[in-house]
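Student: Next up is a structure, given as structure tokens.
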Amino acid sequence: MIMILMGVSGSGKTTIGRLLAERLNWQFYDGDKFHTRDNIEKMIKGVPLDEKDREPWLKSLRSRIKESAIEDEDAILAVSALTKAFRRELLKGFENVELFCLKGPYHLIRKRLEKRQDHYFKVDLLADQFKTFEEPEGIFMVDISQDPQVIVDQILARLSFSL
């Protein structure tokens, strides 16, 4: 099975993904690591990515999902997947993929980003992510204002129906 944790930057995808991977003994992949150097440079400069920028990123993410599926690897992929079109393209042709959305209020996520160091995503880009985000339908939504272990427990409880 492949689990995708989605949400805006700062929603806790990496933190929750790593905790889940540890508890499940699954492989964890951070979607930020799949960006091109050009995309990272744009974000460092505070320039939001557009759909054309996201194309090579999407291709790399799909390749990772395909490899995990071929290898029958249980994996967790943390990726923003902000739009319905991006999610549709990301998942096209893949089965056995579960999506979970980490969601929280702007002020909480902004505060998290302001504390975060050594990351190329700048706080100034958060407003664009909230503007771009299209809330998914039929996907388990998790309130990120809770303790990370509570979030992990909620996802695991929901996941147990799928395993």
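Lettering and numbering for the structure tokens are positional, with chains as A, B, ... in the shown order, residues counted from 1 in each chain, and ligands counted from 1 in the shown order.
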Using DSSP assignments from the backbone, pull out every residue in region 64-109 of chain A that falls under helix (DSSP H, G or I) and give it to me as a VMD selection string.

Tutor: chain A and resid 64 to 70 84 to 91 106 to 109

Student: Got a sec: who's within 8 Å of Thr36 (chain A), counting only C-alpha atoms, leaving out chain neighbours fewer than 3 positions off, as a list in words?

Tutor: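 In the requested format, the answer is Asn39, Ile40, Pro56 and Trp57 of chain A.
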
Student: Let me make sure I understand: among A:Phe94, A:Ala78, A:Leu125, A:Ile70, which one has the smallest atom-to-atom distance to Lys33 (chain A) if we use only C-alpha atoms?

Tutor: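 Between A:Phe94, A:Ala78, A:Leu125, A:Ile70, the residue approaching Lys33 (chain A) most closely is A:Ala78.
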
Student: When distances are computed from only C-alpha atoms, which of A:Asp30, A:Glu71, A:Glu135, A:Glu89 shows the smallest separation from Leu58 (chain A)?

Tutor: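 Checking each of A:Asp30, A:Glu71, A:Glu135, A:Glu89 against Leu58 (chain A), counting only C-alpha atoms, the winner is A:Glu89.
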
Student: Determine which residues of chain A receive a DSSP assignment of strand (DSSP E or B), computed from the backbone, and state them as a list in words.

Tutor: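 Selecting the strand (DSSP E or B) positions of chain A gives Ile2, Met3, Ile4, Leu5, Met6, Gln27, Phe28, Tyr29, Asp30, Ala75, Ile76, Leu77, Ala78, Val97, Glu98, Leu99, Phe100, Cys101, Leu102, Lys103, Phe140, Met141, Val142 and Asp143 of chain A.
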
Student: Go through A:Lys111, A:Arg116, A:Lys84, A:Lys92 one by one, measure the shortest atom-to-atom distance of each to Glu134 (chain A) using only C-alpha atoms, and give the residue with the smallest value.

Tutor: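 Answer, going by the shortest atom-to-atom distance: A:Lys84.
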
Student: Skipping near chain neighbours, those fewer than 3 positions away, what residues fall within 7 Å of region 23-27 of chain A using only C-alpha atoms, listed as a PyMOL selection string?

Tutor: chain A and resi 19-20+74-76

Student: Rounded to one decimal, what separation in Å do you get between CA of Val79 (chain A) and CA of Ser63 (chain A)?

Tutor: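 Distance between the two atoms: 13.7 Å.
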
Student: Determine, counting only C-alpha atoms, which protein, DNA and RNA residues have an atom within 12 Å of an atom of Val47 (chain A); residues of the same chain fewer than 2 positions away are not included. Present the result as JSON, numbers by chain.

Tutor: {"A": [38, 39, 40, 41, 42, 43, 44, 45, 49, 50, 53, 120, 121, 122, 123, 124, 125, 126, 127, 128, 129]}

Student: Counting only C-alpha atoms, which residue out of A:Glu67, A:Leu82, A:Met3, A:Gly17 sits closest to Thr132 (chain A)?

Tutor: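 Selected residue with least distance to Thr132 (chain A): A:Leu82.
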
Student: I'd like to know which of A:Ile151, A:Met1, A:Leu159, A:Ile144 is closest to Lys103 (chain A), using only C-alpha atoms.

Tutor: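 Looking only at the distances to Lys103 (chain A), the closest residue turns out to be A:Ile144.
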
Student: Nearest to Tyr106 (chain A) among A:Gly10, A:Ile16, A:Leu5, A:Phe86, with distances taken over only C-alpha atoms: which residue is it?

Tutor: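 Distance minimum relative to Tyr106 (chain A) lands on A:Gly10.
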
Student: Report the distance between CA of Asp147 (chain A) and CA of Ser160 (chain A) in Å, rounded to one decimal place.

Tutor: 20.2 Å

Student: Report, in Å with one decimal, the straight-line distance from CA of Ser145 (chain A) to CA of Leu113 (chain A).

Tutor: 14.2 Å
